[in-house]
file data.cif (mmCIF, C-alpha atoms)
data_data
#
loop_
_atom_site.label_atom_id
_atom_site.label_comp_id
_atom_site.auth_asym_id
_atom_site.auth_seq_id
_atom_site.Cartn_x
_atom_site.Cartn_y
_atom_site.Cartn_z
CA MET A 1 0.00 0.00 0.00
CA ASN A 2 2.50 2.62 1.10
CA GLN A 3 4.87 2.53 -1.79
CA THR A 4 7.45 5.28 -1.82
CA ARG A 5 6.08 8.12 -3.79
CA VAL A 6 7.96 8.74 -6.98
CA LYS A 7 7.97 12.44 -7.54
CA SER A 8 6.27 12.72 -10.86
CA ARG A 9 7.94 15.82 -12.19
CA ASP A 10 11.33 15.71 -13.91
CA THR A 11 11.99 12.11 -13.05
CA PHE A 12 11.30 10.44 -16.31
CA SER A 13 11.56 11.20 -19.97
CA VAL A 14 10.32 8.92 -22.72
CA PHE A 15 13.35 9.92 -24.81
CA ASP A 16 16.97 10.09 -23.73
CA GLU A 17 19.29 13.00 -24.53
CA ASN A 18 19.88 11.59 -28.03
CA GLY A 19 16.18 11.38 -28.72
CA GLU A 20 16.15 7.57 -28.45
CA ILE A 21 13.23 5.78 -26.83
CA GLN A 22 13.99 4.78 -23.25
CA LEU A 23 13.02 1.59 -21.51
CA ILE A 24 9.94 2.36 -19.40
CA SER A 25 10.09 0.53 -16.11
CA SER A 26 6.91 -0.43 -14.31
CA SER A 27 7.75 2.01 -11.53
CA VAL A 28 7.03 4.85 -13.94
CA ASP A 29 3.38 5.68 -13.42
CA HIS A 30 1.11 7.24 -16.03
CA PHE A 31 1.56 10.72 -14.57
CA ALA A 32 5.34 10.41 -14.66
CA PHE A 33 5.12 9.12 -18.21
CA PHE A 34 3.55 12.41 -19.30
CA SER A 35 5.58 14.48 -16.78
CA LEU A 36 2.37 15.54 -15.07
CA PRO A 37 1.96 16.24 -11.36
CA ARG A 38 -0.13 13.65 -9.51
CA LYS A 39 -3.26 15.75 -9.41
CA MET A 40 -6.95 15.24 -10.05
CA GLU A 41 -7.20 18.24 -12.32
CA ILE A 42 -4.76 18.18 -15.21
CA ASP A 43 -4.11 20.19 -18.33
CA GLU A 44 -6.24 18.05 -20.65
CA ALA A 45 -5.39 19.99 -23.79
CA GLY A 46 -1.70 19.72 -22.98
CA LEU A 47 -2.12 15.98 -22.43
CA GLU A 48 -3.70 15.59 -25.84
CA THR A 49 -0.96 17.60 -27.55
CA LYS A 50 1.69 15.49 -25.87
CA TYR A 51 -0.16 12.31 -26.77
CA TYR A 52 -0.13 13.16 -30.47
CA GLU A 53 3.48 14.28 -30.34
CA TYR A 54 4.58 11.03 -28.67
CA SER A 55 2.41 8.97 -31.01
CA ARG A 56 4.21 10.43 -33.96
CA ARG A 57 7.61 9.66 -32.50
CA LEU A 58 6.89 6.26 -30.97
CA HIS A 59 4.75 4.53 -33.53
CA PRO A 60 6.01 1.03 -34.39
CA ASP A 61 5.50 1.76 -38.10
CA PHE A 62 8.57 4.01 -37.95
CA PHE A 63 10.67 1.15 -36.62
CA THR A 64 9.91 -1.64 -39.06
CA ASN A 65 13.49 -1.59 -40.35
CA ALA A 66 15.13 -0.80 -37.02
CA PRO A 67 17.04 -3.40 -34.99
CA SER A 68 14.72 -5.61 -32.97
CA SER A 69 15.75 -4.04 -29.65
CA LYS A 70 14.51 -0.66 -30.87
CA ARG A 71 11.40 -2.18 -32.39
CA ILE A 72 10.53 -3.71 -29.03
CA LEU A 73 11.12 -0.41 -27.23
CA SER A 74 8.79 1.32 -29.68
CA LEU A 75 6.10 -1.32 -29.21
CA ASP A 76 6.33 -1.17 -25.41
CA ALA A 77 6.34 2.62 -25.35
CA SER A 78 3.37 2.83 -27.73
CA ALA A 79 1.35 0.39 -25.67
CA ARG A 80 2.16 2.37 -22.55
CA LEU A 81 1.36 5.64 -24.28
CA ASN A 82 -2.10 4.41 -25.22
CA SER A 83 -3.02 3.03 -21.84
CA ALA A 84 -1.65 6.09 -20.03
CA TYR A 85 -3.57 8.44 -22.30
CA LYS A 86 -6.80 6.47 -22.08
CA THR A 87 -6.61 6.47 -18.28
CA LEU A 88 -5.62 10.09 -17.77
CA LYS A 89 -7.92 11.81 -20.24
CA ASP A 90 -11.06 10.51 -18.49
CA PRO A 91 -11.66 12.32 -15.19
CA ILE A 92 -13.21 9.29 -13.48
CA LEU A 93 -10.60 6.78 -14.66
CA ARG A 94 -7.93 9.30 -13.74
CA ALA A 95 -9.35 9.70 -10.24
CA VAL A 96 -9.53 5.91 -9.76
CA TYR A 97 -5.97 5.52 -11.02
CA LEU A 98 -4.61 8.28 -8.82
CA VAL A 99 -6.40 7.12 -5.70
CA GLU A 100 -5.21 3.55 -6.28
CA LEU A 101 -1.68 4.79 -6.84
CA GLU A 102 -1.82 6.54 -3.51
CA SER A 103 -3.75 4.09 -1.38
CA GLY A 104 -4.01 0.69 -3.05
CA LYS A 105 -6.56 -1.09 -5.22
CA LEU A 106 -10.19 -0.18 -4.70
CA GLU A 107 -11.24 -3.83 -4.57
CA GLU A 108 -9.15 -4.13 -1.44
CA ASN A 109 -11.51 -1.69 0.16
CA ASP A 110 -13.14 -3.51 3.03
CA SER A 111 -16.14 -1.27 3.36
CA SER A 112 -18.90 -2.59 1.15
CA PRO A 113 -21.61 -0.16 0.10
CA PRO A 114 -24.41 0.63 2.54
CA VAL A 115 -27.00 -2.16 2.63
CA ASP A 116 -29.78 0.37 2.01
CA LEU A 117 -28.24 1.32 -1.31
CA LEU A 118 -27.79 -2.31 -2.33
CA GLU A 119 -31.41 -3.00 -1.46
CA GLU A 120 -32.55 0.02 -3.43
CA ILE A 121 -30.53 -1.15 -6.40
CA PHE A 122 -31.90 -4.64 -6.04
CA LYS A 123 -35.48 -3.42 -6.00
CA ALA A 124 -34.91 -1.33 -9.11
CA GLN A 125 -33.22 -4.25 -10.90
CA GLU A 126 -36.18 -6.48 -10.08
CA ALA A 127 -38.62 -3.86 -11.32
CA ALA A 128 -36.62 -3.44 -14.54
CA ALA A 129 -36.53 -7.20 -15.14
CA GLU A 130 -40.24 -7.55 -14.45
CA TYR A 131 -41.15 -4.64 -16.67
CA LYS A 132 -39.07 -6.05 -19.50
CA CYS A 133 -39.92 -9.70 -19.57
CA CYS A 134 -43.35 -10.18 -18.09
CA GLU A 135 -46.64 -9.60 -19.72
CA ASN A 136 -48.26 -7.17 -17.39
CA ASP A 137 -51.73 -5.84 -17.78
CA ALA A 138 -51.95 -2.17 -18.65
CA VAL A 139 -52.47 -0.91 -15.12
CA GLU A 140 -49.62 -2.96 -13.73
CA ALA A 141 -47.32 -1.92 -16.54
CA LYS A 142 -48.14 1.72 -15.93
CA ASN A 143 -47.33 1.33 -12.24
CA LEU A 144 -44.07 -0.43 -12.96
CA ARG A 145 -43.10 2.23 -15.44
CA ALA A 146 -43.83 4.94 -12.90
CA ASN A 147 -41.67 3.08 -10.35
CA LEU A 148 -38.84 2.80 -12.83
CA GLU A 149 -39.04 6.47 -13.77
CA ALA A 150 -38.89 7.36 -10.07
CA ALA A 151 -35.93 5.03 -9.52
CA LYS A 152 -34.17 6.51 -12.51
CA GLU A 153 -34.61 10.01 -11.17
CA CYS A 154 -33.25 8.95 -7.82
CA PHE A 155 -30.16 7.28 -9.26
CA VAL A 156 -29.49 10.14 -11.67
CA ALA A 157 -29.56 12.47 -8.67
CA GLN A 158 -27.18 10.17 -6.81
CA ARG A 159 -24.80 10.15 -9.72
CA ALA A 160 -24.87 13.93 -9.90
CA GLY A 161 -24.15 14.02 -6.16
CA GLN A 162 -21.20 11.73 -6.66
CA ARG A 163 -19.82 13.91 -9.43
CA THR A 164 -20.07 16.97 -7.21
CA ALA A 165 -18.41 15.12 -4.34
CA LEU A 166 -15.61 14.01 -6.67
CA GLU A 167 -15.01 17.57 -7.79
CA ASP A 168 -14.89 18.90 -4.24
CA LEU A 169 -12.63 16.12 -3.03
CA GLY A 170 -10.44 16.45 -6.11
CA ALA A 171 -9.99 20.15 -5.44
CA ARG A 172 -8.97 19.41 -1.85
CA TRP A 173 -6.55 16.77 -3.08
CA ASP A 174 -4.94 19.18 -5.53
CA LYS A 175 -4.70 21.91 -2.93
CA ALA A 176 -2.67 19.60 -0.70
CA ILE A 177 -0.38 18.62 -3.57
CA ASP A 178 0.14 22.29 -4.47
CA ALA A 179 1.12 22.96 -0.87
CA GLY A 180 3.65 20.13 -1.05
CA GLU A 181 1.64 17.94 1.33
CA ASP A 182 0.11 14.50 1.14
CA PRO A 183 -3.61 14.41 0.40
CA PRO A 184 -5.51 14.24 3.72
CA ALA A 185 -6.50 10.72 4.78
CA GLU A 186 -10.11 11.78 5.07
CA VAL A 187 -10.13 12.95 1.44
CA ILE A 188 -8.60 9.66 0.32
CA ASP A 189 -11.16 7.63 2.29
CA ARG A 190 -14.09 9.56 0.93
CA LEU A 191 -12.77 9.38 -2.62
CA ARG A 192 -12.38 5.63 -2.25
CA SER A 193 -15.93 5.14 -1.12
CA VAL A 194 -17.44 7.44 -3.76
CA LEU A 195 -15.41 5.79 -6.51
CA SER A 196 -16.33 2.28 -5.35
CA LEU A 197 -20.01 3.13 -5.76
CA ARG A 198 -19.80 4.40 -9.30
CA ASN A 199 -20.15 1.01 -11.03
CA TYR A 200 -23.29 0.15 -9.09
CA ILE A 201 -24.97 3.38 -10.09
CA ASP A 202 -23.83 3.09 -13.72
CA ASN A 203 -25.13 -0.47 -13.91
CA ILE A 204 -28.51 0.18 -12.40
CA LEU A 205 -29.05 3.22 -14.61
CA ARG A 206 -28.14 1.14 -17.66
CA SER A 207 -30.65 -1.56 -16.69
CA VAL A 208 -33.41 0.91 -15.91
CA ASN A 209 -32.85 2.87 -19.11
CA GLN A 210 -32.80 -0.32 -21.15
CA ALA A 211 -36.07 -1.47 -19.64
CA LEU A 212 -37.72 1.91 -20.20
CA GLU A 213 -36.58 2.04 -23.82
CA GLU A 214 -37.38 -1.53 -24.80
CA ALA A 215 -40.88 -1.70 -23.49
CA MET B 216 -13.09 -15.68 -23.40
CA ALA B 217 -15.47 -18.61 -23.33
CA TYR B 218 -17.45 -19.62 -20.29
CA SER B 219 -16.98 -23.17 -19.06
CA GLU B 220 -19.77 -25.66 -19.72
CA LYS B 221 -20.76 -25.65 -16.07
CA VAL B 222 -21.10 -21.87 -16.02
CA VAL B 223 -23.26 -21.97 -19.14
CA ASP B 224 -25.41 -24.70 -17.60
CA HIS B 225 -26.03 -22.70 -14.42
CA TYR B 226 -26.61 -19.57 -16.47
CA ASN B 227 -29.20 -21.23 -18.71
CA ASN B 228 -30.81 -23.27 -15.94
CA PRO B 229 -30.15 -21.40 -12.74
CA ARG B 230 -31.04 -23.43 -9.64
CA ASN B 231 -33.07 -22.00 -6.80
CA VAL B 232 -33.84 -18.58 -8.21
CA GLY B 233 -36.28 -16.69 -6.03
CA SER B 234 -36.90 -15.19 -2.65
CA LEU B 235 -37.70 -16.33 0.86
CA ASP B 236 -39.51 -14.26 3.45
CA LYS B 237 -36.73 -12.07 4.71
CA ASN B 238 -38.66 -11.19 7.86
CA ALA B 239 -38.94 -14.81 8.99
CA ASP B 240 -36.74 -15.73 11.94
CA ALA B 241 -35.58 -18.92 10.24
CA VAL B 242 -34.42 -17.03 7.14
CA GLY B 243 -31.03 -15.36 6.77
CA THR B 244 -30.54 -12.84 3.96
CA GLY B 245 -27.31 -11.56 2.49
CA ILE B 246 -27.18 -8.78 -0.08
CA VAL B 247 -23.71 -8.03 -1.40
CA GLY B 248 -22.15 -6.23 -4.32
CA ALA B 249 -18.93 -6.19 -6.30
CA PRO B 250 -17.53 -2.69 -6.75
CA GLU B 251 -15.35 -3.84 -9.68
CA CYS B 252 -18.34 -4.53 -11.90
CA GLY B 253 -21.37 -3.27 -10.01
CA ASP B 254 -22.96 -6.71 -9.81
CA VAL B 255 -25.42 -7.27 -6.98
CA MET B 256 -26.35 -10.61 -5.41
CA LYS B 257 -28.97 -11.64 -2.88
CA LEU B 258 -28.72 -15.03 -1.22
CA GLN B 259 -31.10 -16.43 1.38
CA VAL B 260 -31.09 -19.53 3.54
CA LYS B 261 -33.92 -21.09 5.49
CA VAL B 262 -32.71 -23.02 8.50
CA SER B 263 -34.68 -25.77 10.19
CA GLY B 264 -35.03 -26.13 13.97
CA ASP B 265 -32.03 -28.51 14.13
CA GLY B 266 -29.70 -26.08 12.36
CA VAL B 267 -29.82 -27.61 8.88
CA ILE B 268 -30.32 -25.43 5.81
CA GLU B 269 -33.51 -26.75 4.25
CA ASP B 270 -33.86 -24.18 1.51
CA ALA B 271 -31.71 -21.63 -0.27
CA LYS B 272 -32.62 -19.05 -2.88
CA PHE B 273 -30.75 -16.43 -4.83
CA LYS B 274 -31.21 -13.56 -7.22
CA THR B 275 -28.24 -12.08 -8.98
CA PHE B 276 -28.02 -9.17 -11.36
CA GLY B 277 -24.67 -9.54 -13.00
CA CYS B 278 -22.53 -11.53 -15.38
CA GLY B 279 -22.81 -15.24 -16.15
CA SER B 280 -20.09 -16.15 -13.68
CA ALA B 281 -21.79 -14.30 -10.85
CA ILE B 282 -25.08 -16.02 -11.63
CA ALA B 283 -23.40 -19.42 -11.86
CA SER B 284 -21.45 -18.87 -8.62
CA SER B 285 -24.57 -18.02 -6.65
CA SER B 286 -26.64 -20.76 -8.29
CA LEU B 287 -23.98 -23.31 -7.37
CA ALA B 288 -23.75 -21.87 -3.85
CA THR B 289 -27.47 -22.46 -3.24
CA GLU B 290 -27.10 -26.06 -4.42
CA TRP B 291 -24.24 -26.65 -2.03
CA LEU B 292 -25.97 -24.93 0.87
CA LYS B 293 -29.02 -27.16 0.97
CA GLY B 294 -28.66 -29.95 3.49
CA LYS B 295 -25.62 -28.45 5.18
CA THR B 296 -25.62 -27.26 8.76
CA VAL B 297 -24.97 -23.59 9.37
CA ASP B 298 -21.47 -24.41 10.61
CA GLU B 299 -20.70 -26.56 7.56
CA ALA B 300 -22.00 -23.83 5.27
CA GLN B 301 -19.65 -21.37 6.93
CA GLU B 302 -16.76 -23.43 5.58
CA ILE B 303 -17.67 -23.05 1.88
CA LYS B 304 -14.74 -21.32 0.20
CA ASN B 305 -14.72 -19.26 -2.96
CA THR B 306 -11.78 -21.33 -4.20
CA GLU B 307 -14.06 -24.39 -4.29
CA ILE B 308 -16.48 -22.46 -6.48
CA VAL B 309 -13.63 -21.38 -8.75
CA GLU B 310 -12.55 -24.98 -9.09
CA GLU B 311 -16.01 -26.39 -9.71
CA LEU B 312 -16.90 -23.79 -12.35
CA ASN B 313 -13.43 -23.41 -13.88
CA LEU B 314 -13.54 -19.67 -13.43
CA PRO B 315 -10.71 -17.73 -15.09
CA PRO B 316 -8.70 -15.24 -12.98
CA VAL B 317 -10.76 -12.22 -14.12
CA LYS B 318 -13.91 -13.88 -12.78
CA ILE B 319 -12.60 -14.93 -9.40
CA HIS B 320 -14.26 -11.91 -7.78
CA CYS B 321 -17.63 -13.47 -8.74
CA SER B 322 -16.86 -16.44 -6.50
CA VAL B 323 -15.71 -14.10 -3.74
CA LEU B 324 -19.06 -12.36 -4.06
CA ALA B 325 -20.88 -15.67 -3.63
CA GLU B 326 -18.83 -16.51 -0.54
CA ASP B 327 -19.52 -13.06 0.87
CA ALA B 328 -23.23 -13.54 0.22
CA ILE B 329 -23.24 -16.92 2.01
CA LYS B 330 -21.46 -15.46 5.03
CA ALA B 331 -23.72 -12.41 5.12
CA ALA B 332 -26.83 -14.62 4.96
CA LEU B 333 -25.53 -16.90 7.72
CA ASN B 334 -24.68 -13.94 9.92
CA ASP B 335 -28.11 -12.42 9.35
CA TYR B 336 -29.63 -15.72 10.45
CA ARG B 337 -27.36 -15.87 13.51
CA GLU B 338 -28.25 -12.34 14.45
CA LYS B 339 -31.95 -13.18 14.35
CA GLN B 340 -31.31 -16.21 16.54
CA GLY B 341 -29.16 -14.26 18.98
CA ILE B 342 -26.02 -16.23 18.07
CA PRO B 343 -22.78 -14.20 17.76
CA SER B 344 -21.66 -13.36 14.20
CA VAL B 345 -18.70 -15.17 12.72
CA GLY B 346 -15.59 -13.64 11.24
CA ASP B 347 -14.95 -11.18 8.53
CA SER B 348 -17.00 -11.76 5.44
CA ARG B 349 -14.33 -10.85 2.92
CA SER B 350 -11.70 -13.41 2.14
CA ALA B 351 -8.76 -13.38 -0.17
CA VAL B 352 -7.83 -15.92 -2.79
#
call {"tool": "encode", "arguments": {"input": "data.cif", "output": "structure tokens"}}
result
Amino acid sequence: MNQTRVKSRDTFSVFDENGEIQLISSSVDHFAFFSLPRKMEIDEAGLETKYYEYSRRLHPDFFTNAPSSKRILSLDASARLNSAYKTLKDPILRAVYLVELESGKLEENDSSPPVDLLEEIFKAQEAAAEYKCCENDAVEAKNLRANLEAAKECFVAQRAGQRTALEDLGARWDKAIDAGEDPPAEVIDRLRSVLSLRNYIDNILRSVNQALEEA
Amino acid sequence: MAYSEKVVDHYNNPRNVGSLDKNADAVGTGIVGAPECGDVMKLQVKVSGDGVIEDAKFKTFGCGSAIASSSLATEWLKGKTVDEAQEIKNTEIVEELNLPPVKIHCSVLAEDAIKAALNDYREKQGIPSVGDSRSAV
């Protein structure tokens, strides 16, 4: 869990002083790869510019006639470039990645979601399944649809709440980093629990929307 | 990635789908979820007066492996005592269903659901809860 923190800035460069591709060790995280500070908020336009610049220099097509050692370096670096870019450009994936970097995998989180929420999700899943596959009479179908619409509204609101919480917590995280401090434990804990809930909410909204659209 | 035959069988013919009366004293209910994929699973046991699980039901909203893991779990639970049921390990589910590494968390979910259901039953009976419900592989 408490790995030594690699200072992201100025510690790694994809290219050496001769412009040759360097070997990227696994200790180089995605932020270090792009020479970005480990923050929630990043310069997304700058990331994209850098991504295209690196793509042009690293692409394996430019190394088809190069010695195999260089070809392999280009392949590895390109693969890393793509996964680092995919992770960092998305605010949620970036937050998950950063929190896991700092405090370990989310699955290792012992706190499971509140039972109330799981029960709520369960009820909505059952309603969605019933609405979709059973032949209800008109009155029953209307009731079920109303239930689903209400559930949808409730989960959409929850998701919006989570987004707001993520923004607030992210800002607090970044403030600590800017001050040269570690992110507060309370911020990390809350981020972990908000982020662990996101898949439940995404899933239930997908099911409810599907049911509402199909029927 | 292909599902094993046993997973497909449980997925197509899930055993013991349904619900028991969660307010009954003889019924223990466990609702658990997997944050990795957002799957949710409900597993219930009905325990007879002599401590034997006489019925088990599940409902799972999730992938084929999660459905198969919980379906298999209900099959195994029936006829076991509460103490025997406590010993069911996710690794046994992995083995029986040939789950690949990326689906191991589905078996962990089933084990968590069993333990949560048993603890709910114990709580209703005034028996102390047992252990931590999350185990590692």
call {"tool": "resolve_selection", "arguments": {"input": "data.cif", "expression": "the PyMOL selection byres ((chain B) within 9 of (chain A))", "output": "number ranges by chain"}}
result
B: 246-257, 275-276, 349
call {"tool": "write_last_selection", "arguments": {"input": "data.cif", "atoms": "C-alpha atoms", "output": "compact mmCIF listing (two decimals), keeping the file's coordinate frame"}}
result
# COMPACT_ATOMS: atom_id res chain seq x y z
CA ILE B 246 -27.18 -8.78 -0.08
CA VAL B 247 -23.71 -8.03 -1.40
CA GLY B 248 -22.15 -6.23 -4.32
CA ALA B 249 -18.93 -6.19 -6.30
CA PRO B 250 -17.53 -2.69 -6.75
CA GLU B 251 -15.35 -3.84 -9.68
CA CYS B 252 -18.34 -4.53 -11.90
CA GLY B 253 -21.37 -3.27 -10.01
CA ASP B 254 -22.96 -6.71 -9.81
CA VAL B 255 -25.42 -7.27 -6.98
CA MET B 256 -26.35 -10.61 -5.41
CA LYS B 257 -28.97 -11.64 -2.88
CA THR B 275 -28.24 -12.08 -8.98
CA PHE B 276 -28.02 -9.17 -11.36
CA ARG B 349 -14.33 -10.85 2.92
call {"tool": "residues_around", "arguments": {"input": "data.cif", "residues": "segment 185-188 of chain A", "least_positions_apart": "4", "cutoff": "7 Å", "atoms": "all atoms listed in the file", "output": "PDB file with C-alpha atoms, in the frame of the given file"}}
result
ATOM      1  CA  VAL A  99      -6.400   7.120  -5.700  1.00  0.00           C
ATOM      2  CA  LEU A 169     -12.630  16.120  -3.030  1.00  0.00           C
ATOM      3  CA  TRP A 173      -6.550  16.770  -3.080  1.00  0.00           C
ATOM      4  CA  ARG A 192     -12.380   5.630  -2.250  1.00  0.00           C
TER       5      ARG A 192
END
call {"tool": "residues_around", "arguments": {"input": "data.cif", "residues": "Val262 of chain B", "least_positions_apart": "4", "cutoff": "7 Å", "atoms": "all atoms listed in the file", "output": "PyMOL selection string"}}
result
chain B and resi 241-242+266-269
call {"tool": "closest_residue", "arguments": {"input": "data.cif", "among": "B:Ala239, B:His320, B:Gly233, B:Gln340", "to": "Thr289 of chain B", "atoms": "all atoms listed in the file"}}
result
B:Gly233
call {"tool": "residues_around", "arguments": {"input": "data.cif", "residues": "Lys221 of chain B", "least_positions_apart": "6", "cutoff": "9 Å", "atoms": "all atoms listed in the file", "output": "number ranges by chain"}}
result
B: 283, 311-313
call {"tool": "write_last_selection", "arguments": {"input": "data.cif", "atoms": "C-alpha atoms", "output": "PDB file, keeping the file's coordinate frame"}}
result
ATOM      1  CA  ALA B 283     -23.400 -19.420 -11.860  1.00  0.00           C
ATOM      2  CA  GLU B 311     -16.010 -26.390  -9.710  1.00  0.00           C
ATOM      3  CA  LEU B 312     -16.900 -23.790 -12.350  1.00  0.00           C
ATOM      4  CA  ASN B 313     -13.430 -23.410 -13.880  1.00  0.00           C
TER       5      ASN B 313
END
call {"tool": "axis_aligned_box", "arguments": {"input": "data.cif", "around": "segment 304-307 of chain B", "padding_each_side": "8 Å", "output": "JSON"}}
result
{"center_x": -13.3, "center_y": -21.8, "center_z": -2.0, "size_x": 19.0, "size_y": 21.1, "size_z": 20.5}
call {"tool": "residues_near_point", "arguments": {"input": "data.cif", "point": "(-33.6, -19.4, 8.4)", "cutoff": "10 Å", "atoms": "all atoms listed in the file", "output": "PyMOL selection string"}}
result
chain B and resi 235-244+259-264+266-271+297+332-333+335-337+339-340
call {"tool": "atom_distance", "arguments": {"input": "data.cif", "atom1": "atom CA of Asp43 of chain A", "atom2": "atom CA of Arg163 of chain A"}}
result
19.1 Å
call {"tool": "residues_around", "arguments": {"input": "data.cif", "residues": "segment 29-42 of chain A", "least_positions_apart": "5", "cutoff": "9 Å", "atoms": "only C-alpha atoms", "output": "tab-separated table (two decimals) with C-alpha atoms, in the frame of the given file"}}
result
chain	number	residue	atom	x	y	z
A	6	VAL	CA	7.96	8.74	-6.98
A	7	LYS	CA	7.97	12.44	-7.54
A	8	SER	CA	6.27	12.72	-10.86
A	9	ARG	CA	7.94	15.82	-12.19
A	10	ASP	CA	11.33	15.71	-13.91
A	11	THR	CA	11.99	12.11	-13.05
A	12	PHE	CA	11.30	10.44	-16.31
A	13	SER	CA	11.56	11.20	-19.97
A	14	VAL	CA	10.32	8.92	-22.72
A	24	ILE	CA	9.94	2.36	-19.40
A	47	LEU	CA	-2.12	15.98	-22.43
A	50	LYS	CA	1.69	15.49	-25.87
A	51	TYR	CA	-0.16	12.31	-26.77
A	80	ARG	CA	2.16	2.37	-22.55
A	81	LEU	CA	1.36	5.64	-24.28
A	83	SER	CA	-3.02	3.03	-21.84
A	84	ALA	CA	-1.65	6.09	-20.03
A	85	TYR	CA	-3.57	8.44	-22.30
A	87	THR	CA	-6.61	6.47	-18.28
A	88	LEU	CA	-5.62	10.09	-17.77
A	89	LYS	CA	-7.92	11.81	-20.24
A	91	PRO	CA	-11.66	12.32	-15.19
A	94	ARG	CA	-7.93	9.30	-13.74
A	95	ALA	CA	-9.35	9.70	-10.24
A	97	TYR	CA	-5.97	5.52	-11.02
A	98	LEU	CA	-4.61	8.28	-8.82
A	101	LEU	CA	-1.68	4.79	-6.84
A	167	GLU	CA	-15.01	17.57	-7.79
A	170	GLY	CA	-10.44	16.45	-6.11
A	171	ALA	CA	-9.99	20.15	-5.44
A	173	TRP	CA	-6.55	16.77	-3.08
A	174	ASP	CA	-4.94	19.18	-5.53
A	177	ILE	CA	-0.38	18.62	-3.57
A	178	ASP	CA	0.14	22.29	-4.47
call {"tool": "residues_around", "arguments": {"input": "data.cif", "residues": "Phe15 of chain A", "least_positions_apart": "6", "cutoff": "10 Å", "atoms": "all atoms listed in the file", "output": "list in words"}}
result
Ile21, Gln22, Leu23, Ile24, Tyr54, Arg57 and Leu58 of chain A
call {"tool": "closest_residue", "arguments": {"input": "data.cif", "among": "B:Asn228, B:Pro316, B:Ser322, B:Ile329", "to": "Lys293 of chain B", "atoms": "only C-alpha atoms"}}
result
B:Ile329
call {"tool": "resolve_selection", "arguments": {"input": "data.cif", "expression": "the PyMOL selection byres ((chain A and resi 130-135) around 12)", "output": "PyMOL selection string"}}
result
chain A and resi 123-129+136-149+207-215
call {"tool": "atom_distance", "arguments": {"input": "data.cif", "atom1": "atom CA of Ser27 of chain A", "atom2": "atom CA of Leu191 of chain A"}}
result
23.6 Å
call {"tool": "atom_distance", "arguments": {"input": "data.cif", "atom1": "atom CA of Leu287 of chain B", "atom2": "atom CA of Val222 of chain B"}}
result
9.2 Å
call {"tool": "residues_near_point", "arguments": {"input": "data.cif", "point": "(-13.3, -13.5, -15.4)", "cutoff": "10 Å", "atoms": "all atoms listed in the file", "output": "ChimeraX atom specification"}}
result
/B:216-218,278-281,314-321
call {"tool": "closest_residue", "arguments": {"input": "data.cif", "among": "B:Ala288, B:Ile342, B:Lys274, B:Lys295", "to": "Ala325 of chain B", "atoms": "only C-alpha atoms"}}
result
B:Ala288
call {"tool": "decode", "arguments": {"input": "data.cif", "residues": "segment 63-90 of chain A", "atoms": "C-alpha atoms", "output": "PDB file, in the first residue's frame"}}
result
ATOM      1  CA  PHE A  63      10.666   1.151 -36.619  1.00  0.00           C
ATOM      2  CA  THR A  64       9.907  -1.645 -39.061  1.00  0.00           C
ATOM      3  CA  ASN A  65      13.492  -1.585 -40.345  1.00  0.00           C
ATOM      4  CA  ALA A  66      15.129  -0.801 -37.021  1.00  0.00           C
ATOM      5  CA  PRO A  67      17.044  -3.400 -34.988  1.00  0.00           C
ATOM      6  CA  SER A  68      14.716  -5.613 -32.972  1.00  0.00           C
ATOM      7  CA  SER A  69      15.748  -4.045 -29.652  1.00  0.00           C
ATOM      8  CA  LYS A  70      14.514  -0.664 -30.867  1.00  0.00           C
ATOM      9  CA  ARG A  71      11.399  -2.178 -32.386  1.00  0.00           C
ATOM     10  CA  ILE A  72      10.527  -3.714 -29.029  1.00  0.00           C
ATOM     11  CA  LEU A  73      11.119  -0.408 -27.231  1.00  0.00           C
ATOM     12  CA  SER A  74       8.795   1.317 -29.682  1.00  0.00           C
ATOM     13  CA  LEU A  75       6.103  -1.324 -29.208  1.00  0.00           C
ATOM     14  CA  ASP A  76       6.327  -1.166 -25.413  1.00  0.00           C
ATOM     15  CA  ALA A  77       6.342   2.618 -25.345  1.00  0.00           C
ATOM     16  CA  SER A  78       3.368   2.828 -27.727  1.00  0.00           C
ATOM     17  CA  ALA A  79       1.353   0.388 -25.671  1.00  0.00           C
ATOM     18  CA  ARG A  80       2.155   2.367 -22.546  1.00  0.00           C
ATOM     19  CA  LEU A  81       1.359   5.642 -24.281  1.00  0.00           C
ATOM     20  CA  ASN A  82      -2.104   4.412 -25.222  1.00  0.00           C
ATOM     21  CA  SER A  83      -3.024   3.032 -21.836  1.00  0.00           C
ATOM     22  CA  ALA A  84      -1.650   6.093 -20.029  1.00  0.00           C
ATOM     23  CA  TYR A  85      -3.568   8.442 -22.304  1.00  0.00           C
ATOM     24  CA  LYS A  86      -6.803   6.467 -22.081  1.00  0.00           C
ATOM     25  CA  THR A  87      -6.612   6.472 -18.281  1.00  0.00           C
ATOM     26  CA  LEU A  88      -5.618  10.090 -17.766  1.00  0.00           C
ATOM     27  CA  LYS A  89      -7.921  11.810 -20.237  1.00  0.00           C
ATOM     28  CA  ASP A  90     -11.062  10.508 -18.495  1.00  0.00           C
TER      29      ASP A  90
END
